[in-house]
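Notes follow the structure.
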Amino acid sequence: MQGKGVNERTLVLVKPDAIQRGLVGQIIQRFERKGLKLAGMKMMSLDDVVLREHYSHIADKPFFGGVAEFMKSSPVVVMCWEGLEVVDAVRRVTGITKAREAEAGSIRGDFAMSVACNVIHASDTVDNAADELKRFFETGELFSYDKSEYMHVYVEDERA
């Protein structure tokens, strides 16, 4: 599943603020226009167990409760995107965490102003992406298929 070439995968969460603002389609479009392959997608509500695991790096911070309540305030859309160096590519399309400082043209730069209400989460490393994908997707929920447009997205040696 993970590896070099176009088979690298990453997790994207469309957060409650984006769901409430009707931005799901525009967010998906950004990744599709980039040439990435959608390998899985579903809508779900997050619970305390998943949130504590996903945000383990801040679970002991005083603001964690607010983050958890925000992430439970609405369902989220969970996606797996695939492509060459996809983790880095998705992070560039997403923009920096502090959305009001994110570059115009990025998802956060165009759609958000907050650090918390920043419309999207994207895995930050290949290893974290692998862990996060296991957290949010069960076996059989991620798909492998030939994407015919890859011949127009990558040169032949990048598709190997």
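How things are named: the first chain in the structure tokens is A, the next is B, and so on; residues count from 1 in each chain; ligands count from 1 in the order shown.
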Near A:Gln20, counting only C-alpha atoms, which residues have an atom at most 12 Å away, once you skip same-chain residues fewer than 3 positions from it, shown as number ranges by chain? A: 14-17, 23-24, 70-71, 73-77, 117, 119
Saved selection, atoms kept: N, CA and C atoms, as a short mmCIF file (atom, residue, chain, number, x, y, z; two decimals), in the first residue's frame:
data_model
loop_
_atom_site.label_atom_id
_atom_site.label_comp_id
_atom_site.auth_asym_id
_atom_site.auth_seq_id
_atom_site.Cartn_x
_atom_site.Cartn_y
_atom_site.Cartn_z
N VAL A 14 -11.85 16.08 6.11
CA VAL A 14 -12.56 17.34 5.91
C VAL A 14 -13.30 17.58 7.22
N LYS A 15 -12.91 18.64 7.91
CA LYS A 15 -13.35 18.91 9.28
C LYS A 15 -14.79 19.46 9.34
N PRO A 16 -15.36 19.47 10.55
CA PRO A 16 -16.75 19.94 10.72
C PRO A 16 -17.04 21.32 10.14
N ASP A 17 -16.10 22.26 10.26
CA ASP A 17 -16.36 23.60 9.73
C ASP A 17 -16.54 23.58 8.21
N LEU A 23 -18.10 22.92 1.80
CA LEU A 23 -16.85 23.01 1.04
C LEU A 23 -16.30 21.66 0.56
N VAL A 24 -17.00 20.57 0.86
CA VAL A 24 -16.48 19.24 0.54
C VAL A 24 -16.14 19.11 -0.94
N PHE A 70 -15.07 20.24 19.07
CA PHE A 70 -15.18 20.76 17.70
C PHE A 70 -15.24 19.61 16.69
N MET A 71 -14.36 18.63 16.83
CA MET A 71 -14.30 17.52 15.88
C MET A 71 -15.51 16.60 15.98
N SER A 73 -18.56 17.94 16.59
CA SER A 73 -19.71 18.82 16.38
C SER A 73 -20.47 18.54 15.08
N SER A 74 -19.87 17.79 14.20
CA SER A 74 -20.46 17.47 12.91
C SER A 74 -19.72 16.25 12.37
N PRO A 75 -20.31 15.49 11.48
CA PRO A 75 -19.52 14.42 10.84
C PRO A 75 -18.34 15.01 10.08
N VAL A 76 -17.40 14.16 9.76
CA VAL A 76 -16.25 14.54 8.93
C VAL A 76 -16.26 13.65 7.69
N VAL A 77 -15.59 14.08 6.65
CA VAL A 77 -15.37 13.23 5.48
C VAL A 77 -13.92 12.80 5.53
N CYS A 117 -10.31 25.94 13.32
CA CYS A 117 -11.31 25.86 12.24
C CYS A 117 -10.60 26.13 10.92
N VAL A 119 -10.55 23.87 8.27
CA VAL A 119 -11.29 23.07 7.27
C VAL A 119 -10.75 21.69 6.92
#
Shell around A:Leu84 at 12 Å using only C-alpha atoms, local window under 2 positions removed, as number ranges by chain: A: 2-10, 34-37, 81-82, 86-90, 126, 150, 153-155, 157-160
According to DSSP computed on the backbone, where in stretch 5-141 of chain A is there helix (DSSP H, G or I)? Give the residues as a PyMOL selection string. chain A and resi 5-7+16-20+24-34+48-54+64-72+86-94+99-101+107-111+126-136
Hey, could you make a per-residue contact list for stretch 4-122 of chain A against stretch 131-139 of chain A with 9 Å as the cut-off, showing the nearest pair of atoms and its distance in Å to one decimal, counting only C-alpha atoms, sorted by chain and number, as a tab-separated table?
residue	atom	partner	partner_atom	distance
A:Arg9	CA	A:Leu133	CA	8.4
A:Thr10	CA	A:Leu133	CA	7.1
A:Leu11	CA	A:Leu133	CA	5.8
A:Gly40	CA	A:Phe137	CA	8.2
A:Met41	CA	A:Phe137	CA	8.8
A:Lys42	CA	A:Phe137	CA	8.8
A:Val50	CA	A:Arg135	CA	7.5
A:Glu53	CA	A:Arg135	CA	8.5
A:His54	CA	A:Glu132	CA	7.3
A:Val78	CA	A:Phe136	CA	7.3
A:Met79	CA	A:Leu133	CA	8.8
A:Cys80	CA	A:Leu133	CA	7.2
Would you mind exporting the chosen residues as a compact mmCIF listing (two decimals), in the first residue's frame, restricted to C-alpha atoms?
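Generated file (selection07.txt):
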# COMPACT_ATOMS: atom_id res chain seq x y z
CA ARG A 9 -1.08 7.15 0.22
CA THR A 10 -2.18 9.81 2.67
CA LEU A 11 -5.14 10.66 4.86
CA GLY A 40 -11.19 5.73 -0.40
CA MET A 41 -13.79 8.06 1.06
CA LYS A 42 -16.51 7.96 3.70
CA VAL A 50 -10.53 7.87 17.92
CA GLU A 53 -5.63 8.42 19.56
CA HIS A 54 -5.55 10.79 16.57
CA VAL A 78 -12.40 10.88 5.58
CA MET A 79 -10.41 10.37 2.38
CA CYS A 80 -7.38 8.46 1.20
Backbone DSSP call of strand (DSSP E) for chain A, listed as a tab-separated table (two decimals) with C-alpha atoms, in the first residue's frame:
chain	number	residue	atom	x	y	z
A	8	GLU	CA	2.11	6.42	-1.73
A	9	ARG	CA	-1.08	7.15	0.22
A	10	THR	CA	-2.18	9.81	2.67
A	11	LEU	CA	-5.14	10.66	4.86
A	12	VAL	CA	-7.27	13.79	4.54
A	13	LEU	CA	-10.05	14.71	6.97
A	14	VAL	CA	-12.56	17.34	5.91
A	37	LYS	CA	-6.12	9.41	-7.18
A	38	LEU	CA	-8.95	8.96	-4.66
A	39	ALA	CA	-8.48	5.53	-3.07
A	40	GLY	CA	-11.19	5.73	-0.40
A	41	MET	CA	-13.79	8.06	1.06
A	42	LYS	CA	-16.51	7.96	3.70
A	43	MET	CA	-18.43	10.20	6.08
A	44	MET	CA	-18.32	9.41	9.76
A	76	VAL	CA	-16.25	14.54	8.93
A	77	VAL	CA	-15.37	13.23	5.48
A	78	VAL	CA	-12.40	10.88	5.58
A	79	MET	CA	-10.41	10.37	2.38
A	80	CYS	CA	-7.38	8.46	1.20
A	81	TRP	CA	-5.46	10.04	-1.67
A	82	GLU	CA	-2.76	8.30	-3.67
A	83	GLY	CA	0.06	9.57	-5.87
A	120	ILE	CA	-8.91	20.14	6.72
A	121	HIS	CA	-6.41	17.75	8.27
A	122	ALA	CA	-3.67	16.14	6.17
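Neighbours of A:Gly109 closer than or equal to 12 Å, with only C-alpha atoms counted and sequence neighbours fewer than 4 positions away skipped, come out as Arg92, Val93, Thr94, Gly95, Ile96, Thr97, Lys98, Ala99, Arg100, Glu101, Ala102, Glu103, Ala104, Gly105, Met113, Ser114, Val115, Asn118, Val119 and Ile120 of chain A.
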Output N, CA and C atoms for every residue in the selection just made, as an mmCIF file, in the first residue's frame.
data_model
loop_
_atom_site.group_PDB
_atom_site.id
_atom_site.type_symbol
_atom_site.label_atom_id
_atom_site.label_comp_id
_atom_site.auth_asym_id
_atom_site.auth_seq_id
_atom_site.Cartn_x
_atom_site.Cartn_y
_atom_site.Cartn_z
ATOM 1 N N ARG A 92 1.096 20.683 0.570
ATOM 2 C CA ARG A 92 1.229 21.959 -0.152
ATOM 3 C C ARG A 92 -0.131 22.476 -0.608
ATOM 4 N N VAL A 93 -0.977 21.591 -1.116
ATOM 5 C CA VAL A 93 -2.322 21.995 -1.545
ATOM 6 C C VAL A 93 -3.143 22.465 -0.341
ATOM 7 N N THR A 94 -2.943 21.823 0.809
ATOM 8 C CA THR A 94 -3.692 22.142 2.027
ATOM 9 C C THR A 94 -3.315 23.506 2.587
ATOM 10 N N GLY A 95 -2.031 23.816 2.663
ATOM 11 C CA GLY A 95 -1.582 25.069 3.265
ATOM 12 C C GLY A 95 -1.234 24.876 4.733
ATOM 13 N N ILE A 96 -0.597 25.883 5.319
ATOM 14 C CA ILE A 96 -0.137 25.773 6.703
ATOM 15 C C ILE A 96 -1.305 25.790 7.687
ATOM 16 N N THR A 97 -1.043 25.270 8.887
ATOM 17 C CA THR A 97 -2.078 25.109 9.912
ATOM 18 C C THR A 97 -2.733 26.428 10.301
ATOM 19 N N LYS A 98 -1.946 27.475 10.489
ATOM 20 C CA LYS A 98 -2.505 28.785 10.855
ATOM 21 C C LYS A 98 -3.091 29.393 9.576
ATOM 22 N N ALA A 99 -4.355 29.106 9.360
ATOM 23 C CA ALA A 99 -4.990 29.357 8.067
ATOM 24 C C ALA A 99 -4.921 30.809 7.597
ATOM 25 N N ARG A 100 -5.017 31.760 8.503
ATOM 26 C CA ARG A 100 -4.995 33.158 8.058
ATOM 27 C C ARG A 100 -3.644 33.567 7.474
ATOM 28 N N GLU A 101 -2.620 32.746 7.703
ATOM 29 C CA GLU A 101 -1.301 32.996 7.131
ATOM 30 C C GLU A 101 -0.982 32.047 5.971
ATOM 31 N N ALA A 102 -1.910 31.165 5.668
ATOM 32 C CA ALA A 102 -1.688 30.200 4.578
ATOM 33 C C ALA A 102 -1.677 30.919 3.235
ATOM 34 N N GLU A 103 -0.883 30.397 2.335
ATOM 35 C CA GLU A 103 -0.727 30.991 1.010
ATOM 36 C C GLU A 103 -2.048 30.977 0.234
ATOM 37 N N ALA A 104 -2.361 32.100 -0.394
ATOM 38 C CA ALA A 104 -3.525 32.164 -1.277
ATOM 39 C C ALA A 104 -3.369 31.096 -2.346
ATOM 40 N N GLY A 105 -4.470 30.427 -2.652
ATOM 41 C CA GLY A 105 -4.438 29.328 -3.606
ATOM 42 C C GLY A 105 -4.441 27.977 -2.919
ATOM 43 N N MET A 113 -9.596 30.945 8.303
ATOM 44 C CA MET A 113 -8.901 32.012 9.022
ATOM 45 C C MET A 113 -8.310 31.546 10.352
ATOM 46 N N SER A 114 -8.650 30.364 10.803
ATOM 47 C CA SER A 114 -8.340 29.918 12.159
ATOM 48 C C SER A 114 -7.251 28.857 12.180
ATOM 49 N N VAL A 115 -6.726 28.598 13.377
ATOM 50 C CA VAL A 115 -5.821 27.475 13.577
ATOM 51 C C VAL A 115 -6.644 26.198 13.761
ATOM 52 N N ASN A 118 -9.772 25.159 10.523
ATOM 53 C CA ASN A 118 -8.969 25.340 9.317
ATOM 54 C C ASN A 118 -9.344 24.344 8.219
ATOM 55 N N VAL A 119 -10.555 23.866 8.266
ATOM 56 C CA VAL A 119 -11.289 23.070 7.268
ATOM 57 C C VAL A 119 -10.746 21.685 6.925
ATOM 58 N N ILE A 120 -9.479 21.387 7.228
ATOM 59 C CA ILE A 120 -8.913 20.139 6.724
ATOM 60 C C ILE A 120 -7.746 19.671 7.591
#
Could you check how far atom CA of A:Ser123 sits from atom CA of A:Arg91, in Å to one decimal? 7.6 Å
Please determine, counting only C-alpha atoms, which residue among A:Ala59, A:Ile19, A:Ile107, A:Ile28 has the shortest atom-to-atom distance to A:Ser45.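 The shortest atom-to-atom distance to A:Ser45 comes from A:Ile19.
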So how many Å separate atom CA of A:Gly66 and atom CA of A:Arg30, to one decimal?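 According to the coordinates, atom CA of A:Gly66 and atom CA of A:Arg30 are separated by 28.7 Å.
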Could you work out how far atom CA of A:Ala116 lies from atom CA of A:Pro62, giving the answer in Å with one decimal?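 Computed distance, atom CA of A:Pro62 to atom CA of A:Ala116, equals 14.2 Å.
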